[in-house]
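> Got coords19.cif for you, mmCIF, C-alpha atoms:
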data_coords
#
loop_
_atom_site.label_atom_id
_atom_site.label_comp_id
_atom_site.auth_asym_id
_atom_site.auth_seq_id
_atom_site.Cartn_x
_atom_site.Cartn_y
_atom_site.Cartn_z
CA ASP Y 1 40.11 2.61 -70.32
CA THR Y 2 38.69 0.39 -67.60
CA ALA Y 3 38.39 -3.08 -68.99
CA VAL Y 4 39.33 -6.71 -69.06
CA SER Y 5 42.12 -7.15 -71.57
CA GLN Y 6 43.51 -10.45 -72.78
CA THR Y 7 46.38 -11.26 -75.10
CA PRO Y 8 46.91 -12.48 -77.69
CA LYS Y 9 43.71 -11.98 -79.69
CA TYR Y 10 44.61 -14.83 -82.05
CA LEU Y 11 46.85 -17.81 -81.44
CA VAL Y 12 47.64 -20.45 -84.05
CA THR Y 13 49.90 -23.27 -82.95
CA GLN Y 14 50.77 -26.87 -83.66
CA MET Y 15 49.61 -29.89 -81.71
CA GLY Y 16 51.84 -30.72 -78.81
CA ASN Y 17 53.00 -27.16 -78.19
CA ASP Y 18 52.63 -25.27 -74.90
CA LYS Y 19 51.04 -21.83 -74.95
CA SER Y 20 49.84 -19.15 -72.54
CA ILE Y 21 47.04 -16.58 -72.63
CA LYS Y 22 47.29 -13.54 -70.40
CA CYS Y 23 44.45 -11.58 -68.80
CA GLU Y 24 44.42 -8.36 -66.83
CA GLN Y 25 41.56 -6.32 -65.36
CA ASN Y 26 41.71 -2.78 -64.01
CA LEU Y 27 38.16 -2.72 -62.66
CA GLY Y 28 39.18 -3.44 -59.09
CA HIS Y 29 37.25 -6.71 -59.13
CA ASP Y 30 38.30 -9.44 -56.74
CA THR Y 31 37.27 -12.44 -58.85
CA MET Y 32 38.43 -13.54 -62.28
CA TYR Y 33 37.33 -16.36 -64.57
CA TRP Y 34 38.21 -18.33 -67.66
CA TYR Y 35 35.43 -19.48 -69.99
CA LYS Y 36 35.69 -21.59 -73.13
CA GLN Y 37 33.39 -20.96 -76.10
CA ASP Y 38 33.18 -23.84 -78.54
CA SER Y 39 32.35 -23.78 -82.23
CA LYS Y 40 28.63 -23.83 -81.42
CA LYS Y 41 29.10 -20.69 -79.28
CA PHE Y 42 28.41 -22.54 -76.04
CA LEU Y 43 30.08 -20.78 -73.09
CA LYS Y 44 31.34 -23.00 -70.30
CA ILE Y 45 33.22 -22.01 -67.19
CA MET Y 46 36.67 -23.47 -66.66
CA PHE Y 47 38.11 -21.75 -63.61
CA SER Y 48 37.53 -18.90 -61.20
CA TYR Y 49 39.93 -17.22 -58.80
CA ASN Y 50 39.06 -14.98 -55.89
CA ASN Y 51 41.95 -12.87 -54.60
CA LYS Y 52 44.48 -15.31 -56.10
CA GLU Y 53 42.71 -18.34 -54.60
CA LEU Y 54 41.24 -21.03 -56.86
CA ILE Y 55 37.49 -21.24 -56.22
CA ILE Y 56 35.98 -23.06 -59.20
CA ASN Y 57 37.77 -25.79 -61.11
CA GLU Y 58 35.41 -27.47 -63.52
CA THR Y 59 36.18 -30.73 -65.26
CA VAL Y 60 39.11 -29.44 -67.25
CA PRO Y 61 42.14 -31.54 -68.35
CA ASN Y 62 45.25 -31.16 -66.21
CA ARG Y 63 46.99 -29.73 -69.25
CA PHE Y 64 45.19 -26.46 -68.43
CA SER Y 65 46.77 -24.60 -65.53
CA PRO Y 66 45.57 -21.17 -64.44
CA LYS Y 67 47.89 -18.86 -62.55
CA SER Y 68 46.94 -15.71 -60.66
CA PRO Y 69 49.98 -13.66 -59.55
CA ASP Y 70 47.66 -11.01 -58.09
CA LYS Y 71 43.96 -10.29 -58.11
CA ALA Y 72 44.23 -8.18 -61.27
CA HIS Y 73 45.78 -10.94 -63.37
CA LEU Y 74 44.72 -14.44 -64.33
CA ASN Y 75 46.76 -16.27 -66.92
CA LEU Y 76 45.98 -19.58 -68.59
CA HIS Y 77 48.75 -21.98 -69.55
CA ILE Y 78 47.99 -24.96 -71.76
CA ASN Y 79 50.43 -27.85 -72.16
CA SER Y 80 50.57 -30.38 -74.99
CA LEU Y 81 47.89 -28.70 -77.07
CA GLU Y 82 45.36 -30.94 -78.84
CA LEU Y 83 43.11 -30.30 -81.82
CA GLY Y 84 40.07 -30.28 -79.52
CA ASP Y 85 41.47 -27.33 -77.61
CA SER Y 86 40.65 -25.08 -80.55
CA ALA Y 87 38.07 -22.59 -79.29
CA VAL Y 88 37.67 -19.01 -78.14
CA TYR Y 89 38.80 -18.48 -74.56
CA PHE Y 90 37.30 -15.61 -72.60
CA CYS Y 91 38.62 -14.04 -69.46
CA ALA Y 92 36.12 -12.25 -67.21
CA SER Y 93 36.03 -10.50 -63.87
CA SER Y 94 33.44 -9.56 -61.30
CA GLN Y 95 32.86 -8.54 -57.75
CA VAL Y 96 31.45 -11.23 -55.48
CA PRO Y 97 28.64 -11.47 -54.64
CA ILE Y 98 27.72 -10.78 -58.23
CA GLN Y 99 24.10 -9.83 -57.63
CA GLY Y 100 22.89 -7.80 -60.59
CA TYR Y 101 26.21 -6.74 -62.07
CA GLY Y 102 27.34 -9.92 -63.78
CA TYR Y 103 30.74 -10.38 -65.30
CA THR Y 104 32.79 -8.09 -67.48
CA PHE Y 105 34.31 -10.10 -70.30
CA GLY Y 106 37.47 -9.60 -72.30
CA SER Y 107 37.27 -9.70 -76.09
CA GLY Y 108 38.50 -13.28 -76.30
CA THR Y 109 41.48 -15.25 -77.59
CA ARG Y 110 40.82 -17.44 -80.60
CA LEU Y 111 43.04 -20.49 -80.28
CA THR Y 112 43.52 -22.66 -83.34
CA VAL Y 113 45.49 -25.88 -82.99
CA VAL Y 114 46.70 -27.39 -86.26
CA GLY Q 1 25.55 -28.69 -62.95
CA GLN Q 2 22.44 -26.77 -63.92
CA GLN Q 3 21.57 -26.30 -67.58
CA LEU Q 4 19.66 -23.57 -69.34
CA ASN Q 5 17.55 -24.12 -72.44
CA GLN Q 6 17.39 -21.06 -74.61
CA SER Q 7 15.05 -20.67 -77.58
CA PRO Q 8 14.89 -20.09 -80.39
CA GLN Q 9 18.41 -20.98 -81.45
CA SER Q 10 18.23 -18.54 -84.34
CA MET Q 11 15.90 -15.86 -85.65
CA PHE Q 12 15.65 -14.14 -89.01
CA ILE Q 13 13.54 -11.01 -88.94
CA GLN Q 14 12.88 -7.81 -90.83
CA GLU Q 15 14.19 -4.51 -89.52
CA GLY Q 16 11.56 -2.87 -87.35
CA GLU Q 17 10.05 -6.11 -86.08
CA ASP Q 18 9.85 -7.02 -82.42
CA VAL Q 19 11.86 -9.97 -81.10
CA SER Q 20 11.18 -12.33 -78.23
CA MET Q 21 13.44 -15.06 -76.85
CA ASN Q 22 13.32 -17.06 -73.66
CA CYS Q 23 15.28 -19.21 -71.34
CA THR Q 24 14.16 -22.04 -69.07
CA SER Q 25 15.86 -24.09 -66.40
CA SER Q 26 15.05 -27.24 -64.49
CA SER Q 27 16.43 -25.59 -61.36
CA ILE Q 28 15.90 -22.29 -59.58
CA PHE Q 29 18.18 -19.32 -60.12
CA ASN Q 30 18.18 -16.26 -57.89
CA THR Q 31 19.69 -14.03 -60.54
CA TRP Q 32 19.16 -13.98 -64.29
CA LEU Q 33 21.22 -11.97 -66.73
CA TRP Q 34 21.03 -11.32 -70.44
CA TYR Q 35 24.15 -10.73 -72.54
CA LYS Q 36 24.80 -9.84 -76.16
CA GLN Q 37 27.85 -10.94 -78.10
CA ASP Q 38 29.00 -9.18 -81.25
CA PRO Q 39 31.35 -10.96 -83.69
CA GLY Q 40 34.92 -11.03 -82.41
CA GLU Q 41 33.97 -9.63 -79.03
CA GLY Q 42 33.12 -10.88 -75.58
CA PRO Q 43 29.56 -10.91 -74.22
CA VAL Q 44 28.30 -7.60 -72.89
CA LEU Q 45 25.70 -7.33 -70.13
CA LEU Q 46 22.33 -6.02 -71.27
CA ILE Q 47 20.00 -6.54 -68.34
CA ALA Q 48 20.28 -8.08 -64.87
CA LEU Q 49 17.29 -9.44 -62.93
CA TYR Q 50 17.48 -10.47 -59.31
CA LYS Q 51 13.92 -10.54 -58.06
CA ALA Q 52 11.25 -13.07 -59.07
CA GLY Q 53 8.57 -11.39 -61.17
CA GLU Q 54 10.79 -8.41 -61.90
CA LEU Q 55 10.31 -6.66 -65.24
CA THR Q 56 13.22 -4.46 -66.28
CA SER Q 57 13.80 -2.29 -69.32
CA ASN Q 58 16.92 -0.94 -70.95
CA GLY Q 59 15.92 1.22 -73.91
CA ARG Q 60 14.20 -1.01 -76.44
CA LEU Q 61 15.01 -4.10 -74.41
CA THR Q 62 12.71 -5.56 -71.78
CA ALA Q 63 13.41 -8.63 -69.69
CA GLN Q 64 11.43 -10.48 -67.07
CA PHE Q 65 12.44 -12.83 -64.26
CA GLY Q 66 9.82 -15.57 -64.07
CA ILE Q 67 7.78 -16.04 -60.91
CA THR Q 68 8.94 -19.64 -60.55
CA ARG Q 69 12.59 -18.44 -60.84
CA LYS Q 70 13.08 -21.08 -63.51
CA ASP Q 71 12.66 -18.91 -66.57
CA SER Q 72 13.26 -15.51 -68.12
CA PHE Q 73 12.47 -13.79 -71.38
CA LEU Q 74 14.00 -10.95 -73.35
CA ASN Q 75 12.07 -8.75 -75.78
CA ILE Q 76 13.55 -6.30 -78.25
CA SER Q 77 11.17 -3.80 -79.79
CA ALA Q 78 11.52 -2.16 -83.20
CA SER Q 79 14.71 -3.99 -84.13
CA ILE Q 80 17.53 -2.12 -85.87
CA PRO Q 81 20.56 -3.45 -87.74
CA SER Q 82 22.92 -3.08 -84.76
CA ASP Q 83 20.77 -5.55 -82.79
CA VAL Q 84 22.35 -8.33 -84.85
CA GLY Q 85 24.38 -10.70 -82.70
CA ILE Q 86 24.10 -13.62 -80.33
CA TYR Q 87 22.02 -13.18 -77.19
CA PHE Q 88 22.75 -15.29 -74.14
CA CYS Q 89 20.78 -15.82 -70.98
CA ALA Q 90 22.73 -16.70 -67.86
CA GLY Q 91 21.73 -17.87 -64.42
CA LEU Q 92 23.79 -17.34 -61.31
CA GLU Q 93 24.68 -20.59 -59.57
CA GLY Q 94 25.94 -20.03 -56.05
CA ALA Q 95 27.72 -16.74 -55.40
CA GLN Q 96 29.79 -16.41 -58.53
CA LYS Q 97 29.28 -19.04 -61.23
CA LEU Q 98 27.31 -18.01 -64.31
CA VAL Q 99 25.69 -20.80 -66.31
CA PHE Q 100 24.89 -19.79 -69.86
CA GLY Q 101 22.21 -20.81 -72.32
CA GLN Q 102 23.11 -21.95 -75.82
CA GLY Q 103 22.47 -18.52 -77.30
CA THR Q 104 19.99 -17.07 -79.80
CA ARG Q 105 21.54 -15.83 -83.03
CA LEU Q 106 19.61 -12.82 -84.35
CA THR Q 107 19.83 -11.89 -88.02
CA ILE Q 108 18.04 -8.83 -89.38
CA ASN Q 109 17.11 -8.29 -93.01
CA PRO Q 110 17.12 -4.63 -93.95
#
Please express what this file holds, its structure, as structure tokens.


Amino acid sequence: DTAVSQTPKYLVTQMGNDKSIKCEQNLGHDTMYWYKQDSKKFLKIMFSYNNKELIINETVPNRFSPKSPDKAHLNLHINSLELGDSAVYFCASSQVPIQGYGYTFGSGTRLTVV
Amino acid sequence: GQQLNQSPQSMFIQEGEDVSMNCTSSSIFNTWLWYKQDPGEGPVLLIALYKAGELTSNGRLTAQFGITRKDSFLNISASIPSDVGIYFCAGLEGAQKLVFGQGTRLTINP
């Protein structure tokens, strides 16, 4: 199936731990993104990569480090996890310019920090 | 960055009713999109609008791109139970950054 797939679906971890979320797309898109959805369902962009190059880096703590080994993959590593990092993280991909096609989103990773 | 104001925040309707929600911005967008999110899933694109004044339909869904390019609305006619979910408007900032509204949570009573 053509899609954006991210793993794991659920991640429960203790404060202070380091964790990674992986994302892969087989749509042939050249741009990938990470979005964070908070408890009020607000979606906010964190990063975007175009052909492995960082394009958008919003005001995100340095503990969050995206890595794109190739244009089909964009992983998110989080160091020293804090309670406030609990959220649903969505990976997405698109062609650029987006025009009328928008993003294709993955199904999300629910991160719970305890 | 730009912000979108989406309203209403939630709606409770009877099955079969029509639904209308809208999105406004203080700044101009050249592309507006509407997404739906089901529980446990990522948002899925419903309708894309990229021309001011454009009215586009997708089945029972109709969306319009406002003439001023600062607003958009989404209508759903004859709602059915599978319409339940959270609807998001999004505006395209620059070439690739989507800015999302706060979402409208739709609940349908059978």

> Chain Y residues within 8 Å of chain Q, counting only C-alpha atoms: which ones, as a list in words?

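Taken together, these residues fit the definition: Lys41, Phe42, Leu43, Lys44, Ile45, Phe90, Val96, Pro97, Ile98, Gln99, Gly100, Tyr101, Gly102, Tyr103, Thr104, Phe105, Gly106, Ser107 and Gly108 of chain Y.
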
> Give as an NGL selection string the residues that the PyMOL selection byres ((chain Q and resi 15) around 7) matches when applied to the coordinates above.

:Q and (13-14 or 16-17 or 79-81 or 108-110)

> Residues at most 9 Å from Y:Leu74, counting only C-alpha atoms, excluding those fewer than 5 positions away in the same chain, as a list of chain:residue names?

Y:Ile21, Y:Lys22, Y:Cys23, Y:Glu24, Y:Gln25, Y:Met32, Y:Tyr33, Y:Trp34, Y:Tyr49, Y:Lys52, Y:Pro66, Y:Lys67, Y:Ser68, Y:Pro69, Y:Cys91

> For atom CA of Y:Ser94 and atom CA of Y:Asn75, quote the distance in Å rounded to one decimal.

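Calculated distance between atom CA of Y:Ser94 and atom CA of Y:Asn75 is 15.9 Å.
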
> Give as a list of chain:residue names every residue, naming chains and numbers as the document does, that has an atom within 9 Å of (12.0, -7.1, -66.1), counting all atoms listed in the file.

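In the file's frame, the residues around the point are Q:Ile47, Q:Ala48, Q:Leu49, Q:Lys51, Q:Gly53, Q:Glu54, Q:Leu55, Q:Thr56, Q:Ser57, Q:Thr62, Q:Ala63, Q:Gln64, Q:Phe65, Q:Gly66, Q:Ser72, Q:Phe73, Q:Leu74.
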
> Using only the atoms of stretch 37-50 of chain Q listed in the file, plus 6 Å on each side, state the axis-aligned box centre and edge lengths in Å rounded to one decimal, as AutoDock Vina command-line options.


--center_x 26.1 --center_y -8.5 --center_z -71.5 --size_x 29.6 --size_y 17.0 --size_z 36.4

> I need the residue set behind the PyMOL selection byres ((chain Y and resi 18) around 8) for this file; please write it as JSON, numbers by chain.

{"Y": [16, 17, 19, 20, 77, 78, 79, 80, 81]}

> Please evaluate the PyMOL selection byres ((chain Q and resi 6) around 7) against the structure above and give the resulting residues as a list in words.

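With the shown file as input, the PyMOL selection byres ((chain Q and resi 6) around 7) matches Leu4, Asn5, Ser7, Pro8, Gln9, Asn22, Cys23, Thr24, Gly101, Gln102 and Gly103 of chain Q.
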
> Using atom CA of Y:Leu54 and atom CA of Y:Thr7 as the two end points, give the distance in Å to one decimal.

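Spanning atom CA of Y:Leu54 to atom CA of Y:Thr7 is a straight-line distance of 21.3 Å.
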
> Restricting the calculation to all atoms listed in the file, which member of Y:Ser48, Y:Asn57, Y:Thr112, Y:Asn26 is positioned closest to Y:Ser5?

Y:Asn26

> Grab the atom CA of Y:Asp30 to atom CA of Q:Asp71 distance for me, in Å with one decimal place.

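Between these atoms lies a distance of 29.0 Å.
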
> Taking all atoms listed in the file into account, which of Q:Phe12, Q:Gln3, Q:Ser27, Q:Asn75 comes nearest Q:Thr107?

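For Q:Thr107, the nearest of the candidates is Q:Phe12.
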